[in-house]
file work-v4.pdb (PDB, C-alpha atoms and all ligand atoms)
ATOM      1  CA  MET A   1      -6.309   2.906  -2.208  1.00  0.00           C
ATOM      2  CA  PRO A   2      -4.041   5.875  -2.872  1.00  0.00           C
ATOM      3  CA  GLY A   3      -0.423   5.105  -3.583  1.00  0.00           C
ATOM      4  CA  GLN A   4      -1.093   1.722  -5.176  1.00  0.00           C
ATOM      5  CA  ALA A   5       0.015   0.854  -8.677  1.00  0.00           C
ATOM      6  CA  PRO A   6      -2.894   0.560 -11.153  1.00  0.00           C
ATOM      7  CA  GLU A   7      -2.422  -3.210 -11.502  1.00  0.00           C
ATOM      8  CA  GLN A   8      -2.768  -3.615  -7.722  1.00  0.00           C
ATOM      9  CA  LYS A   9      -6.048  -1.705  -7.292  1.00  0.00           C
ATOM     10  CA  GLY A  10      -8.849  -3.944  -6.148  1.00  0.00           C
ATOM     11  CA  GLN A  11      -6.547  -6.862  -5.327  1.00  0.00           C
ATOM     12  CA  PRO A  12      -7.323  -8.361  -1.922  1.00  0.00           C
ATOM     13  CA  GLY A  13      -4.728  -7.994   0.785  1.00  0.00           C
ATOM     14  CA  ILE A  14      -1.996  -6.325  -1.279  1.00  0.00           C
ATOM     15  CA  GLU A  15      -1.223  -3.979   1.584  1.00  0.00           C
ATOM     16  CA  SER A  16      -0.599  -6.948   3.916  1.00  0.00           C
ATOM     17  CA  ARG A  17       1.927  -8.768   1.698  1.00  0.00           C
ATOM     18  CA  PRO A  18       4.271 -10.743   3.967  1.00  0.00           C
ATOM     19  CA  GLY A  19       8.045 -10.825   3.619  1.00  0.00           C
ATOM     20  CA  ILE A  20       9.906 -13.987   2.726  1.00  0.00           C
ATOM     21  CA  PHE A  21      10.543 -14.957   6.355  1.00  0.00           C
ATOM     22  CA  GLY A  22       6.966 -14.253   7.435  1.00  0.00           C
ATOM     23  CA  ALA A  23       5.613 -16.296   4.541  1.00  0.00           C
ATOM     24  CA  ALA A  24       8.076 -19.098   5.267  1.00  0.00           C
ATOM     25  CA  PHE A  25       7.661 -19.458   9.013  1.00  0.00           C
ATOM     26  CA  PHE A  26       3.882 -18.990   9.078  1.00  0.00           C
ATOM     27  CA  ALA A  27       3.050 -20.674   5.718  1.00  0.00           C
ATOM     28  CA  LEU A  28       1.401 -17.540   4.332  1.00  0.00           C
ATOM     29  CA  CYS A  29       0.447 -16.757   0.763  1.00  0.00           C
ATOM     30  CA  PRO A  30       3.223 -14.507  -0.607  1.00  0.00           C
ATOM     31  CA  ARG A  31       0.728 -12.228  -2.363  1.00  0.00           C
ATOM     32  CA  CYS A  32      -2.047 -11.667   0.203  1.00  0.00           C
ATOM     33  CA  GLY A  33      -0.697 -13.107   3.473  1.00  0.00           C
ATOM     34  CA  ALA A  34      -3.572 -15.581   3.937  1.00  0.00           C
ATOM     35  CA  LYS A  35      -2.889 -18.864   5.707  1.00  0.00           C
ATOM     36  CA  GLY A  36      -3.189 -22.165   3.883  1.00  0.00           C
ATOM     37  CA  LEU A  37      -0.058 -22.407   1.736  1.00  0.00           C
ATOM     38  CA  PHE A  38       0.090 -26.176   2.343  1.00  0.00           C
ATOM     39  CA  LYS A  39      -2.635 -28.788   1.880  1.00  0.00           C
ATOM     40  CA  GLY A  40      -0.651 -31.586   3.557  1.00  0.00           C
ATOM     41  CA  LEU A  41       2.540 -31.931   5.531  1.00  0.00           C
ATOM     42  CA  THR A  42       4.813 -30.681   2.759  1.00  0.00           C
ATOM     43  CA  ALA A  43       2.589 -30.433  -0.342  1.00  0.00           C
ATOM     44  CA  PHE A  44       1.440 -27.025  -1.561  1.00  0.00           C
ATOM     45  CA  ALA A  45      -2.256 -26.316  -1.917  1.00  0.00           C
ATOM     46  CA  PRO A  46      -3.217 -25.856  -5.584  1.00  0.00           C
ATOM     47  CA  ARG A  47      -4.019 -22.152  -5.131  1.00  0.00           C
ATOM     48  CA  CYS A  48      -4.640 -19.497  -2.496  1.00  0.00           C
ATOM     49  CA  THR A  49      -8.205 -19.614  -1.203  1.00  0.00           C
ATOM     50  CA  SER A  50      -8.157 -15.851  -0.615  1.00  0.00           C
ATOM     51  CA  CYS A  51      -6.541 -14.236  -3.684  1.00  0.00           C
ATOM     52  CA  GLY A  52      -6.391 -17.214  -6.092  1.00  0.00           C
ATOM     53  CA  LEU A  53      -2.597 -17.192  -6.595  1.00  0.00           C
ATOM     54  CA  ASP A  54      -1.722 -20.409  -8.476  1.00  0.00           C
ATOM     55  CA  TYR A  55       0.952 -22.131  -6.369  1.00  0.00           C
ATOM     56  CA  SER A  56       1.457 -24.847  -8.997  1.00  0.00           C
ATOM     57  CA  SER A  57       2.998 -22.278 -11.355  1.00  0.00           C
ATOM     58  CA  PHE A  58       6.054 -22.007  -9.080  1.00  0.00           C
ATOM     59  CA  ASN A  59       8.901 -24.500  -9.439  1.00  0.00           C
ATOM     60  CA  VAL A  60      10.475 -25.018  -6.030  1.00  0.00           C
ATOM     61  CA  GLY A  61      12.061 -28.332  -7.051  1.00  0.00           C
ATOM     62  CA  ASP A  62      14.149 -30.624  -4.852  1.00  0.00           C
ATOM     63  CA  GLY A  63      16.728 -28.079  -3.734  1.00  0.00           C
ATOM     64  CA  PRO A  64      15.447 -27.805  -0.162  1.00  0.00           C
ATOM     65  CA  ALA A  65      15.393 -31.588   0.349  1.00  0.00           C
ATOM     66  CA  ALA A  66      19.055 -32.084  -0.563  1.00  0.00           C
ATOM     67  CA  PHE A  67      20.163 -29.170   1.583  1.00  0.00           C
ATOM     68  CA  LEU A  68      18.039 -30.267   4.549  1.00  0.00           C
ATOM     69  CA  THR A  69      19.367 -33.819   4.362  1.00  0.00           C
ATOM     70  CA  MET A  70      22.888 -32.557   4.958  1.00  0.00           C
ATOM     71  CA  VAL A  71      22.035 -29.945   7.603  1.00  0.00           C
ATOM     72  CA  ILE A  72      19.607 -32.063   9.627  1.00  0.00           C
ATOM     73  CA  GLY A  73      21.836 -35.116   9.298  1.00  0.00           C
ATOM     74  CA  ALA A  74      24.812 -33.224  10.701  1.00  0.00           C
ATOM     75  CA  LEU A  75      22.794 -31.703  13.564  1.00  0.00           C
ATOM     76  CA  VAL A  76      21.140 -34.983  14.549  1.00  0.00           C
ATOM     77  CA  LEU A  77      24.431 -36.860  14.321  1.00  0.00           C
ATOM     78  CA  GLY A  78      26.063 -34.346  16.654  1.00  0.00           C
ATOM     79  CA  PHE A  79      23.144 -34.501  19.064  1.00  0.00           C
ATOM     80  CA  GLY A  80      23.083 -38.305  18.956  1.00  0.00           C
ATOM     81  CA  LEU A  81      26.803 -38.512  19.661  1.00  0.00           C
ATOM     82  CA  TRP A  82      26.472 -36.096  22.565  1.00  0.00           C
ATOM     83  CA  VAL A  83      23.539 -38.078  24.046  1.00  0.00           C
ATOM     84  CA  GLN A  84      25.366 -41.383  23.613  1.00  0.00           C
ATOM     85  CA  LEU A  85      28.620 -40.152  25.121  1.00  0.00           C
ATOM     86  CA  THR A  86      26.885 -38.366  27.997  1.00  0.00           C
ATOM     87  CA  PHE A  87      24.190 -40.883  29.005  1.00  0.00           C
ATOM     88  CA  ASP A  88      25.449 -44.155  27.436  1.00  0.00           C
ATOM     89  CA  LEU A  89      21.951 -45.237  26.368  1.00  0.00           C
ATOM     90  CA  PRO A  90      21.204 -48.600  24.750  1.00  0.00           C
ATOM     91  CA  LEU A  91      21.194 -48.370  20.957  1.00  0.00           C
ATOM     92  CA  TRP A  92      17.468 -49.135  20.632  1.00  0.00           C
ATOM     93  CA  LEU A  93      16.606 -46.293  23.020  1.00  0.00           C
ATOM     94  CA  LEU A  94      18.835 -43.873  21.137  1.00  0.00           C
ATOM     95  CA  LEU A  95      17.093 -44.789  17.855  1.00  0.00           C
ATOM     96  CA  VAL A  96      13.644 -44.393  19.459  1.00  0.00           C
ATOM     97  CA  LEU A  97      14.723 -40.982  20.766  1.00  0.00           C
ATOM     98  CA  LEU A  98      16.210 -39.723  17.504  1.00  0.00           C
ATOM     99  CA  ALA A  99      13.583 -40.988  15.026  1.00  0.00           C
ATOM    100  CA  PRO A 100      10.857 -38.460  15.937  1.00  0.00           C
ATOM    101  CA  ILE A 101      13.435 -35.665  16.075  1.00  0.00           C
ATOM    102  CA  ILE A 102      14.629 -36.521  12.566  1.00  0.00           C
ATOM    103  CA  ALA A 103      11.068 -36.773  11.217  1.00  0.00           C
ATOM    104  CA  GLY A 104       9.905 -33.560  12.869  1.00  0.00           C
ATOM    105  CA  ALA A 105      12.963 -31.548  11.853  1.00  0.00           C
ATOM    106  CA  THR A 106      12.709 -32.779   8.271  1.00  0.00           C
ATOM    107  CA  ILE A 107       9.021 -31.976   7.894  1.00  0.00           C
ATOM    108  CA  TRP A 108       9.334 -28.579   9.580  1.00  0.00           C
ATOM    109  CA  GLY A 109      12.460 -27.752   7.570  1.00  0.00           C
ATOM    110  CA  LEU A 110      10.842 -28.749   4.289  1.00  0.00           C
ATOM    111  CA  ARG A 111       7.785 -26.608   4.981  1.00  0.00           C
ATOM    112  CA  VAL A 112       9.824 -23.548   5.891  1.00  0.00           C
ATOM    113  CA  SER A 113      12.335 -23.869   3.055  1.00  0.00           C
ATOM    114  CA  LYS A 114       9.733 -24.658   0.373  1.00  0.00           C
ATOM    115  CA  ALA A 115       7.584 -21.717   1.496  1.00  0.00           C
ATOM    116  CA  ALA A 116      10.655 -19.435   1.513  1.00  0.00           C
ATOM    117  CA  LEU A 117      11.604 -20.457  -2.022  1.00  0.00           C
ATOM    118  CA  LEU A 118       8.043 -19.988  -3.270  1.00  0.00           C
ATOM    119  CA  ALA A 119       7.852 -16.525  -1.677  1.00  0.00           C
ATOM    120  CA  ALA A 120      11.239 -15.578  -3.149  1.00  0.00           C
ATOM    121  CA  GLU A 121      10.152 -16.737  -6.609  1.00  0.00           C
ATOM    122  CA  PHE A 122       6.944 -14.729  -6.292  1.00  0.00           C
ATOM    123  CA  GLN A 123       8.656 -11.541  -5.099  1.00  0.00           C
ATOM    124  CA  ARG A 124      11.299 -11.669  -7.837  1.00  0.00           C
ATOM    125  CA  GLY A 125       8.969 -12.780 -10.621  1.00  0.00           C
ATOM    126  CA  ALA A 126      11.129 -15.837 -11.324  1.00  0.00           C
ATOM    127  CA  ALA A 127       9.922 -18.106 -14.132  1.00  0.00           C
ATOM    128  CA  GLU A 128      11.172 -20.754 -16.518  1.00  0.00           C
ATOM    129  CA  ALA A 129      13.229 -19.409 -19.410  1.00  0.00           C
ATOM    130  CA  SER A 130      11.424 -19.322 -22.727  1.00  0.00           C
ATOM    131  CA  GLY A 131      12.259 -18.589 -26.344  1.00  0.00           C
ATOM    132  CA  LYS A 132      11.924 -14.830 -25.850  1.00  0.00           C
ATOM    133  CA  ASP A 133      14.773 -14.936 -23.310  1.00  0.00           C
ATOM    134  CA  ILE A 134      17.290 -15.992 -25.972  1.00  0.00           C
ATOM    135  CA  LYS A 135      19.165 -13.029 -27.394  1.00  0.00           C
ATOM    136  CA  PRO A 136      20.102 -13.226 -31.092  1.00  0.00           C
ATOM    137  CA  GLU A 137      23.798 -12.769 -31.803  1.00  0.00           C
TER
HETATM  138 ZN    ZN A 201      -3.245 -15.256  -1.489  1.00  0.00          ZN
END
call {"tool": "encode", "arguments": {"input": "work-v4.pdb", "output": "structure tokens"}}
result
Amino acid sequence: MPGQAPEQKGQPGIESRPGIFGAAFFALCPRCGAKGLFKGLTAFAPRCTSCGLDYSSFNVGDGPAAFLTMVIGALVLGFGLWVQLTFDLPLWLLLVLLAPIIAGATIWGLRVSKAALLAAEFQRGAAEASGKDIKPE
């Protein structure tokens, strides 16, 4: 394809590379845009079935989980207080109402944030520091 860098020639789907938000919200491979970034609810597939990108080489870590705990906790607490003060539900009913909201928001948030971090790492070529990164004085 004209206009492509030599290292991109022959690579599948390079022209359809999704942005970070597209990859995050639709769980797309950051290199080729194919679906199937996750193999379970929040676990990455080992590699892309279309272009072979190795997802295990990216280190997303636990950053999204800590951030989501605070954000989802604050949102659900506010919603729970509003429901309780408005409708005065029994405590057991409030817990039954909030439990699926907490679980769904956590799983959805983890998927989106982990996919966004993986796509950002891919686009910026982020990697673990190695010995060659140390500058001699
Ligand atoms: Zn791919």
call {"tool": "atom_distance", "arguments": {"input": "work-v4.pdb", "atom1": "atom CA of A:Gly33", "atom2": "atom CA of A:Asp54"}}
result
14.0 Å
call {"tool": "resolve_selection", "arguments": {"input": "work-v4.pdb", "expression": "the PyMOL selection byres (((chain A and resi 47) around 12) and not hetatm)", "output": "short mmCIF file (atom, residue, chain, number, x, y, z; two decimals) with C-alpha atoms, in the frame of the given file"}}
result
data_model
loop_
_atom_site.label_atom_id
_atom_site.label_comp_id
_atom_site.auth_asym_id
_atom_site.auth_seq_id
_atom_site.Cartn_x
_atom_site.Cartn_y
_atom_site.Cartn_z
CA LEU A 28 1.40 -17.54 4.33
CA CYS A 29 0.45 -16.76 0.76
CA PRO A 30 3.22 -14.51 -0.61
CA ARG A 31 0.73 -12.23 -2.36
CA CYS A 32 -2.05 -11.67 0.20
CA ALA A 34 -3.57 -15.58 3.94
CA LYS A 35 -2.89 -18.86 5.71
CA GLY A 36 -3.19 -22.16 3.88
CA LEU A 37 -0.06 -22.41 1.74
CA PHE A 38 0.09 -26.18 2.34
CA LYS A 39 -2.64 -28.79 1.88
CA ALA A 43 2.59 -30.43 -0.34
CA PHE A 44 1.44 -27.02 -1.56
CA ALA A 45 -2.26 -26.32 -1.92
CA PRO A 46 -3.22 -25.86 -5.58
CA CYS A 48 -4.64 -19.50 -2.50
CA THR A 49 -8.20 -19.61 -1.20
CA SER A 50 -8.16 -15.85 -0.62
CA CYS A 51 -6.54 -14.24 -3.68
CA GLY A 52 -6.39 -17.21 -6.09
CA LEU A 53 -2.60 -17.19 -6.60
CA ASP A 54 -1.72 -20.41 -8.48
CA TYR A 55 0.95 -22.13 -6.37
CA SER A 56 1.46 -24.85 -9.00
CA SER A 57 3.00 -22.28 -11.36
CA PHE A 58 6.05 -22.01 -9.08
#
call {"tool": "atom_distance", "arguments": {"input": "work-v4.pdb", "atom1": "atom CA of A:Ala119", "atom2": "atom CA of A:Ala103"}}
result
24.2 Å
call {"tool": "residues_around", "arguments": {"input": "work-v4.pdb", "residues": "stretch 71-84 of chain A", "least_positions_apart": "6", "cutoff": "10 Å", "atoms": "all atoms listed in the file", "output": "VMD selection string"}}
result
chain A and resid 65 90 to 91 94 to 95 97 to 99 101 to 103 105 to 106 109
call {"tool": "closest_residue", "arguments": {"input": "work-v4.pdb", "among": "A:Arg111, A:Arg17, A:Arg124, A:Lys135", "to": "A:Pro64", "atoms": "all atoms listed in the file"}}
result
A:Arg111
call {"tool": "closest_residue", "arguments": {"input": "work-v4.pdb", "among": "A:Ser113, A:Ser16, A:Asn59, A:Thr86", "to": "ligand ZN 201 (chain A)", "atoms": "all atoms listed in the file"}}
result
A:Ser16
call {"tool": "atom_distance", "arguments": {"input": "work-v4.pdb", "atom1": "atom CA of A:Leu41", "atom2": "atom CA of A:Ile107"}}
result
6.9 Å
call {"tool": "closest_residue", "arguments": {"input": "work-v4.pdb", "among": "A:Gly104, A:Gly40, A:Gly125, A:Pro18", "to": "ligand ZN 201 (chain A)", "atoms": "all atoms listed in the file"}}
result
A:Pro18
